[in-house]
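What follows is the content of entry_10.tsv (TSV, C-alpha atoms).
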chain	number	residue	atom	x	y	z
A	1	MET	CA	-67.00	-67.28	-77.71
A	2	ASP	CA	-63.64	-65.51	-77.49
A	3	HIS	CA	-60.56	-67.53	-78.33
A	4	PRO	CA	-58.25	-67.65	-75.25
A	5	THR	CA	-55.12	-67.22	-77.35
A	6	LEU	CA	-56.48	-64.14	-79.08
A	7	LEU	CA	-57.56	-62.71	-75.73
A	8	VAL	CA	-54.07	-63.15	-74.28
A	9	VAL	CA	-52.38	-61.76	-77.38
A	10	GLY	CA	-54.76	-58.83	-77.48
A	11	THR	CA	-54.06	-58.06	-73.82
A	12	ILE	CA	-50.31	-58.21	-74.37
A	13	VAL	CA	-50.58	-55.90	-77.39
A	14	ALA	CA	-52.71	-53.45	-75.39
A	15	ILE	CA	-50.23	-53.47	-72.49
A	16	ALA	CA	-47.31	-53.00	-74.88
A	17	ALA	CA	-49.10	-50.10	-76.59
A	18	ALA	CA	-49.80	-48.50	-73.24
A	19	ALA	CA	-46.17	-48.95	-72.26
A	20	VAL	CA	-45.05	-47.24	-75.47
A	21	VAL	CA	-47.41	-44.32	-74.84
A	22	VAL	CA	-46.17	-43.94	-71.24
A	23	PHE	CA	-42.54	-44.14	-72.37
A	24	VAL	CA	-43.03	-41.59	-75.14
A	25	SER	CA	-44.97	-39.27	-72.84
A	26	ALA	CA	-42.32	-39.52	-70.12
A	27	LYS	CA	-39.57	-38.84	-72.64
A	28	ALA	CA	-41.49	-35.91	-74.09
A	29	SER	CA	-42.10	-34.45	-70.64
A	30	LYS	CA	-38.38	-34.16	-69.94
A	31	LYS	CA	-37.58	-30.61	-70.93
A	32	ALA	CA	-34.38	-29.88	-72.79
A	33	THR	CA	-32.30	-27.35	-70.88
A	34	ALA	CA	-31.10	-24.06	-72.32
A	35	LEU	CA	-27.47	-24.97	-71.75
A	36	GLU	CA	-27.67	-28.11	-73.88
A	37	ASP	CA	-27.12	-25.80	-76.86
A	38	ALA	CA	-24.61	-23.61	-75.02
A	39	LYS	CA	-21.96	-26.17	-74.10
A	40	LYS	CA	-19.92	-25.44	-77.23
A	41	GLU	CA	-21.65	-22.53	-78.93
A	42	TRP	CA	-22.61	-19.15	-77.58
A	43	ILE	CA	-26.35	-18.51	-77.33
A	44	ASN	CA	-28.01	-15.10	-77.22
A	45	LEU	CA	-30.50	-14.34	-74.46
A	46	PRO	CA	-32.56	-11.13	-74.27
A	47	LEU	CA	-32.60	-8.96	-71.16
A	48	VAL	CA	-36.24	-8.89	-70.04
A	49	LYS	CA	-36.00	-7.37	-66.57
A	50	LYS	CA	-33.60	-5.31	-64.46
A	51	THR	CA	-34.15	-5.09	-60.71
A	52	VAL	CA	-32.02	-2.36	-59.12
A	53	ILE	CA	-30.60	-3.41	-55.74
A	54	SER	CA	-28.36	-0.40	-55.07
A	55	HIS	CA	-26.66	2.44	-56.91
A	56	ASN	CA	-24.23	0.01	-58.55
A	57	THR	CA	-25.86	-3.41	-58.25
A	58	ALA	CA	-28.79	-5.02	-60.05
A	59	ILE	CA	-30.31	-8.38	-60.86
A	60	TYR	CA	-30.46	-8.90	-64.62
A	61	ARG	CA	-33.06	-11.38	-65.85
A	62	LEU	CA	-32.34	-13.08	-69.17
A	63	SER	CA	-35.09	-14.97	-70.95
A	64	LEU	CA	-34.26	-18.54	-72.01
A	65	PRO	CA	-34.99	-19.73	-75.59
A	66	LYS	CA	-38.13	-21.57	-74.42
A	67	ALA	CA	-40.52	-20.42	-71.72
A	68	ASP	CA	-40.95	-23.95	-70.32
A	69	GLN	CA	-37.28	-24.90	-69.93
A	70	PRO	CA	-34.76	-24.58	-67.07
A	71	LEU	CA	-31.23	-23.28	-67.52
A	72	GLY	CA	-29.69	-26.69	-66.74
A	73	LEU	CA	-26.75	-25.55	-64.60
A	74	PRO	CA	-25.30	-28.11	-62.16
A	75	ILE	CA	-24.92	-26.80	-58.61
A	76	GLY	CA	-21.37	-25.51	-58.18
A	77	GLN	CA	-20.96	-24.56	-61.85
A	78	HIS	CA	-21.15	-21.17	-63.54
A	79	ILE	CA	-21.80	-19.65	-66.95
A	80	GLN	CA	-19.67	-17.40	-69.13
A	81	VAL	CA	-20.85	-14.10	-70.54
A	82	ALA	CA	-19.20	-12.50	-73.59
A	83	ALA	CA	-19.34	-8.96	-74.94
A	84	THR	CA	-17.44	-7.02	-77.56
A	85	ILE	CA	-15.92	-3.93	-75.93
A	86	ASN	CA	-13.69	-1.51	-77.85
A	87	GLY	CA	-13.41	-4.02	-80.67
A	88	LYS	CA	-12.30	-6.88	-78.43
A	89	GLU	CA	-14.43	-9.80	-77.20
A	90	LEU	CA	-14.17	-10.14	-73.44
A	91	THR	CA	-15.60	-12.86	-71.21
A	92	ARG	CA	-16.58	-13.01	-67.56
A	93	SER	CA	-17.92	-15.86	-65.43
A	94	TYR	CA	-21.02	-15.54	-63.28
A	95	THR	CA	-22.98	-17.81	-60.99
A	96	PRO	CA	-26.74	-17.21	-61.30
A	97	VAL	CA	-28.80	-16.43	-58.21
A	98	SER	CA	-31.71	-18.26	-59.83
A	99	SER	CA	-31.83	-22.06	-60.05
A	100	ASP	CA	-33.33	-24.79	-62.19
A	101	ASP	CA	-36.50	-24.44	-60.12
A	102	ASP	CA	-36.93	-21.16	-62.01
A	103	ILE	CA	-38.30	-21.94	-65.44
A	104	GLY	CA	-37.81	-19.82	-68.54
A	105	TYR	CA	-35.21	-17.40	-67.23
A	106	VAL	CA	-31.87	-16.94	-65.50
A	107	ASP	CA	-31.03	-14.16	-62.98
A	108	LEU	CA	-27.54	-12.69	-62.64
A	109	LEU	CA	-26.61	-10.47	-59.68
A	110	ILE	CA	-23.95	-8.06	-60.89
A	111	LYS	CA	-22.16	-5.14	-59.25
A	112	SER	CA	-20.99	-2.61	-61.84
A	113	TYR	CA	-17.79	-0.60	-61.55
A	114	PRO	CA	-16.86	2.58	-63.49
A	115	THR	CA	-13.63	0.94	-64.63
A	116	GLY	CA	-15.18	-2.48	-65.17
A	117	ASN	CA	-15.64	-4.12	-68.53
A	118	ILE	CA	-18.44	-6.68	-68.55
A	119	SER	CA	-20.01	-5.25	-65.37
A	120	LYS	CA	-20.19	-1.78	-66.95
A	121	TYR	CA	-21.56	-3.37	-70.12
A	122	PHE	CA	-24.42	-4.86	-68.10
A	123	ALA	CA	-25.22	-1.53	-66.46
A	124	GLU	CA	-25.64	0.03	-69.89
A	125	LEU	CA	-27.90	-2.70	-71.29
A	126	LYS	CA	-31.44	-1.84	-72.36
A	127	LEU	CA	-34.42	-4.18	-72.26
A	128	ASN	CA	-34.41	-6.71	-75.13
A	129	ASP	CA	-30.67	-6.28	-75.72
A	130	LEU	CA	-29.04	-9.66	-76.32
A	131	VAL	CA	-26.44	-11.19	-74.01
A	132	LYS	CA	-24.13	-13.99	-75.15
A	133	ILE	CA	-23.71	-16.88	-72.73
A	134	LYS	CA	-22.03	-20.28	-72.72
A	135	GLY	CA	-21.85	-23.08	-70.15
A	136	PRO	CA	-21.83	-24.88	-67.88
A	137	LYS	CA	-18.26	-24.15	-66.80
A	138	GLY	CA	-16.20	-25.04	-63.73
A	139	PHE	CA	-14.81	-28.11	-62.01
A	140	PHE	CA	-16.73	-28.18	-58.72
A	141	ILE	CA	-20.09	-29.97	-58.63
A	142	TYR	CA	-22.09	-30.19	-55.44
A	143	THR	CA	-23.79	-33.47	-54.56
A	144	PRO	CA	-26.08	-33.98	-51.54
A	145	ASN	CA	-24.35	-34.91	-48.28
A	146	MET	CA	-20.90	-34.78	-49.88
A	147	THR	CA	-19.44	-33.50	-46.61
A	148	GLU	CA	-20.49	-33.02	-43.01
A	149	GLU	CA	-19.93	-29.29	-43.14
A	150	PHE	CA	-19.18	-26.44	-45.50
A	151	VAL	CA	-17.39	-23.37	-44.23
A	152	MET	CA	-17.83	-20.67	-46.85
A	153	ILE	CA	-15.74	-17.51	-46.87
A	154	ALA	CA	-16.95	-14.91	-49.34
A	155	GLY	CA	-16.25	-11.30	-50.15
A	156	GLY	CA	-18.51	-8.96	-52.13
A	157	THR	CA	-20.05	-10.57	-55.20
A	158	GLY	CA	-18.24	-13.77	-54.24
A	159	ILE	CA	-21.48	-14.55	-52.40
A	160	THR	CA	-23.25	-15.75	-55.57
A	161	PRO	CA	-21.64	-19.21	-55.92
A	162	MET	CA	-22.06	-19.71	-52.18
A	163	TYR	CA	-25.73	-18.76	-52.33
A	164	GLN	CA	-26.27	-21.27	-55.12
A	165	ILE	CA	-25.10	-24.12	-52.86
A	166	ILE	CA	-26.83	-22.76	-49.75
A	167	LYS	CA	-30.19	-22.79	-51.56
A	168	ALA	CA	-29.64	-26.31	-52.88
A	169	ILE	CA	-28.79	-27.67	-49.44
A	170	LEU	CA	-31.55	-25.95	-47.49
A	171	LYS	CA	-34.34	-26.90	-49.90
A	172	ASN	CA	-33.46	-30.60	-49.48
A	173	PRO	CA	-34.97	-32.03	-46.26
A	174	ASP	CA	-32.72	-35.08	-46.54
A	175	GLU	CA	-29.55	-32.98	-46.64
A	176	LYS	CA	-27.66	-33.17	-43.36
A	177	THR	CA	-24.76	-30.89	-44.28
A	178	LYS	CA	-24.20	-27.92	-41.98
A	179	ILE	CA	-23.14	-24.58	-43.45
A	180	THR	CA	-21.24	-21.68	-41.94
A	181	LEU	CA	-20.92	-18.57	-44.09
A	182	ILE	CA	-18.43	-15.79	-43.27
A	183	PHE	CA	-19.39	-12.90	-45.55
A	184	ALA	CA	-17.07	-9.88	-45.73
A	185	ASN	CA	-17.91	-6.44	-47.13
A	186	VAL	CA	-16.73	-2.85	-46.81
A	187	ASN	CA	-19.96	-1.16	-45.73
A	188	GLU	CA	-23.30	-2.42	-44.44
A	189	GLU	CA	-25.08	-1.33	-47.63
A	190	ASP	CA	-22.69	-3.55	-49.62
A	191	ILE	CA	-24.11	-6.77	-48.13
A	192	LEU	CA	-25.73	-8.49	-51.10
A	193	LEU	CA	-28.64	-10.92	-50.59
A	194	ARG	CA	-28.76	-9.96	-46.91
A	195	ASP	CA	-32.50	-10.52	-46.53
A	196	GLU	CA	-32.30	-13.91	-48.23
A	197	LEU	CA	-29.35	-14.98	-46.08
A	198	GLU	CA	-30.96	-13.87	-42.83
A	199	GLN	CA	-34.16	-15.69	-43.79
A	200	SER	CA	-32.12	-18.81	-44.60
A	201	ALA	CA	-30.44	-18.59	-41.18
A	202	LYS	CA	-33.75	-19.61	-39.60
A	203	ASP	CA	-32.82	-23.11	-40.72
A	204	PRO	CA	-30.66	-24.70	-37.98
A	205	ARG	CA	-28.32	-26.11	-40.62
A	206	PHE	CA	-27.16	-22.64	-41.66
A	207	ASN	CA	-25.20	-19.98	-39.76
A	208	VAL	CA	-24.01	-16.66	-41.18
A	209	LYS	CA	-21.53	-14.11	-39.84
A	210	PHE	CA	-21.26	-10.71	-41.51
A	211	VAL	CA	-17.93	-8.88	-41.33
A	212	LEU	CA	-17.55	-5.18	-42.20
A	213	ASN	CA	-14.50	-2.98	-42.73
A	214	ASN	CA	-16.50	0.13	-41.88
A	215	PRO	CA	-19.23	-0.91	-39.44
A	216	PRO	CA	-21.97	1.52	-38.38
A	217	ALA	CA	-22.64	2.41	-34.75
A	218	GLY	CA	-24.19	-0.49	-32.87
A	219	TRP	CA	-22.92	-3.12	-35.31
A	220	THR	CA	-22.81	-6.56	-33.65
A	221	GLY	CA	-21.10	-8.53	-36.41
A	222	GLY	CA	-17.42	-8.92	-37.23
A	223	VAL	CA	-15.22	-5.87	-37.71
A	224	GLY	CA	-12.23	-5.38	-40.02
A	225	PHE	CA	-10.84	-8.13	-42.20
A	226	VAL	CA	-11.62	-11.84	-41.88
A	227	THR	CA	-8.96	-13.11	-39.48
A	228	LYS	CA	-7.75	-16.47	-38.31
A	229	ASP	CA	-9.64	-15.96	-35.05
A	230	ILE	CA	-12.91	-15.32	-36.90
A	231	VAL	CA	-12.55	-18.53	-38.92
A	232	ALA	CA	-11.40	-20.53	-35.88
A	233	GLU	CA	-14.47	-19.32	-33.99
A	234	PHE	CA	-16.51	-21.88	-35.91
A	235	LYS	CA	-14.09	-24.74	-35.15
A	236	PRO	CA	-13.78	-26.19	-38.67
A	237	LYS	CA	-12.36	-29.72	-38.61
A	238	PRO	CA	-10.16	-30.59	-41.63
A	239	GLU	CA	-11.29	-34.22	-41.58
A	240	LYS	CA	-15.01	-33.28	-41.68
A	241	THR	CA	-15.16	-29.85	-43.30
A	242	ARG	CA	-14.76	-28.52	-46.82
A	243	ILE	CA	-13.90	-24.86	-47.12
A	244	LEU	CA	-15.10	-22.84	-50.12
A	245	LEU	CA	-13.54	-19.48	-50.92
A	246	CYS	CA	-14.68	-16.79	-53.32
A	247	GLY	CA	-13.79	-13.11	-53.31
A	248	PRO	CA	-11.16	-10.52	-54.34
A	249	PRO	CA	-7.67	-11.98	-54.98
A	250	PRO	CA	-5.98	-10.31	-51.94
A	251	MET	CA	-8.65	-11.76	-49.67
A	252	MET	CA	-8.26	-15.22	-51.23
A	253	THR	CA	-4.51	-15.13	-50.71
A	254	ALA	CA	-5.02	-14.27	-47.03
A	255	MET	CA	-7.70	-16.97	-46.60
A	256	ALA	CA	-5.48	-19.62	-48.19
A	257	LYS	CA	-2.80	-18.83	-45.60
A	258	ILE	CA	-5.27	-18.77	-42.70
A	259	THR	CA	-6.93	-22.06	-43.58
A	260	GLU	CA	-3.55	-23.73	-44.04
A	261	GLU	CA	-2.58	-22.54	-40.53
A	262	LEU	CA	-5.80	-24.12	-39.26
A	263	GLY	CA	-4.71	-27.51	-40.58
A	264	PHE	CA	-6.30	-27.56	-44.02
A	265	PRO	CA	-4.24	-28.67	-47.04
A	266	LYS	CA	-2.53	-25.98	-49.07
A	267	VAL	CA	-4.58	-24.37	-51.82
A	268	TRP	CA	-3.05	-22.89	-54.95
A	269	LEU	CA	-4.41	-19.52	-56.02
A	270	VAL	CA	-3.97	-18.33	-59.59
A	271	PRO	CA	-4.81	-15.04	-61.34
A	272	LEU	CA	-7.97	-16.54	-62.81
A	273	ALA	CA	-9.34	-16.62	-59.27
A	274	LEU	CA	-10.61	-13.10	-59.80
A	275	TYR	CA	-13.15	-14.43	-62.30
A	276	GLN	CA	-15.48	-15.36	-59.45
A	277	GLN	CA	-14.79	-19.08	-59.35
A	278	PHE	CA	-14.76	-21.50	-56.50
A	279	ILE	CA	-11.34	-22.15	-55.01
A	280	PRO	CA	-11.94	-25.17	-52.79
A	281	ILE	CA	-9.47	-26.19	-50.11
A	282	CYS	CA	-9.06	-29.79	-51.21
A	283	ASN	CA	-6.90	-32.81	-50.53
A	284	SER	CA	-5.19	-32.78	-53.91
A	285	GLY	CA	-1.44	-33.05	-54.09
A	286	PRO	CA	0.97	-30.77	-55.98
A	287	ASN	CA	0.45	-32.77	-59.18
A	288	HIS	CA	-3.00	-31.21	-59.43
A	289	LEU	CA	-1.63	-27.69	-59.70
A	290	GLU	CA	-1.72	-27.44	-63.49
A	291	SER	CA	-5.21	-28.93	-63.81
A	292	TRP	CA	-6.47	-26.41	-61.26
A	293	ARG	CA	-4.81	-23.62	-63.19
A	294	TYR	CA	-6.52	-24.37	-66.49
A	295	ARG	CA	-9.90	-25.73	-65.44
A	296	PHE	CA	-11.21	-22.48	-64.02

Let me see the file written as structure tokens.
Amino acid sequence: MDHPTLLVVGTIVAIAAAAVVVFVSAKASKKATALEDAKKEWINLPLVKKTVISHNTAIYRLSLPKADQPLGLPIGQHIQVAATINGKELTRSYTPVSSDDDIGYVDLLIKSYPTGNISKYFAELKLNDLVKIKGPKGFFIYTPNMTEEFVMIAGGTGITPMYQIIKAILKNPDEKTKITLIFANVNEEDILLRDELEQSAKDPRFNVKFVLNNPPAGWTGGVGFVTKDIVAEFKPKPEKTRILLCGPPPMMTAMAKITEELGFPKVWLVPLALYQQFIPICNSGPNHLESWRYRF
């Protein structure tokens, strides 16, 4: 005959043991991210794939230290890349076009210029060459339903941080935020991620308008520079809309003026804007100027 006390104690011990196993298994199943080691120290990642998009643009795939781990980059943040060029270490910030849904690698979309530094360095990389990265960096972090609407104004490779947020919003069925993207380029062939953006526009939450300086015959999108009328066309409401800007410095200066004329608070642009960071139009007062200057 079993002793009731022993039966109860044995059951409790068994439950406790099971709980320990479940806890340990759950803890073990949580993968460490690649950036956990890259917050303070540079880590080296090998180039494992290069996908040519155009004569001067490619997607560079870097392999993470472990095949079963994500990068670990919060939405709205970016990573830094470093390279020694002519005896001097230079850094550049990039927003990946991959996400933490992509395990074991990170993809960087980079347009290379003959007079560029890091971009030219990437173009000359060979497979298995090592690239130094550090992160996450930045001060903007996206959270679901943080605003009713995003109006994004991007130029050239300034599309990459926008695309990061667009993907995060559209993959979440509970996300109610609407997105309008105004994407400016010189020529039609310069439109990066066009197929992905047009596919995304099938979602009613997302609307995209392409603007070209040199449009081809029959072009139905915007023409010239992004103007106040083009932005006003989408009726952004300062009390309900957050505007995100990313592009060449002259364009950002013009957009800061236009959005202020449309009733949005003044935004301060600094030289570091050219390092492909978000410059949100926010409700901060002048006392935030210095923190904005140094947190890029």

Checklist entry - In Å, with one decimal, what is the gap from CA of Met255 in chain A to CA of Thr241 in chain A? => result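 Answer for the CA of Met255 in chain A to CA of Thr241 in chain A separation: 15.2 Å.
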
Counting only C-alpha atoms, give me one row per residue of range 193-266 of chain A with an atom at most 8 Å from an atom of range 155-165 of chain A, showing the shortest contact pair and its distance in Å to one decimal, sorted by chain then residue number, as a tab-separated table.
residue	atom	partner	partner_atom	distance
A:Leu244	CA	A:Met162	CA	7.9
A:Cys246	CA	A:Gly158	CA	4.8
A:Gly247	CA	A:Gly155	CA	4.4
A:Pro248	CA	A:Gly155	CA	6.6
A:Met251	CA	A:Gly155	CA	7.6

Item to check | Residues within 12 Å of range 119-126 of chain A, all atoms listed in the file, excluding chain neighbours under 5 positions, as a PyMOL selection string | outcome: chain A and resi 46-52+54-62+81-86+89-94+108-114+131-132+157+275

Checklist entry - What separation in Å, quoted to one decimal, exists between CA of Leu212 in chain A and CA of Glu196 in chain A? => result 18.2 Å

Checklist entry - What does the distance from CA of Gly116 in chain A to CA of Lys134 in chain A come to in Å, to one decimal? => result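 Those two atoms sit 20.5 Å apart.
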
Item to check | Point (-5.3, -20.1, -38.3), cut-off 8 Å, counting only C-alpha atoms, residues as a ChimeraX atom specification | outcome: /A:227-229,231-232,257-263

Item to check | Selection: 8 Å around Val208 in chain A, all atoms listed in the file, excl. self and same-chain fewer than 6 positions, as a PyMOL selection string | outcome: chain A and resi 180-183+197-198+201

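Among the candidates A:Thr253, A:Asn128, A:Gln80, A:Asn117, the one nearest to Val226 in chain A when counting only C-alpha atoms is A:Thr253.
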
Item to check | Contacts of Tyr142 in chain A at 9 Å (all atoms listed in the file; same-chain gap of 5+ positions) as a list in words | outcome: Pro74, Ile75, Gly76, Gln77, Ile165 and Ala168 of chain A

Next on the checklist: I'd like to know which of A:Ile243, A:Ala32, A:Leu73, A:Val97 is closest to Leu192 in chain A, using only C-alpha atoms.
Outcome noted: A:Val97
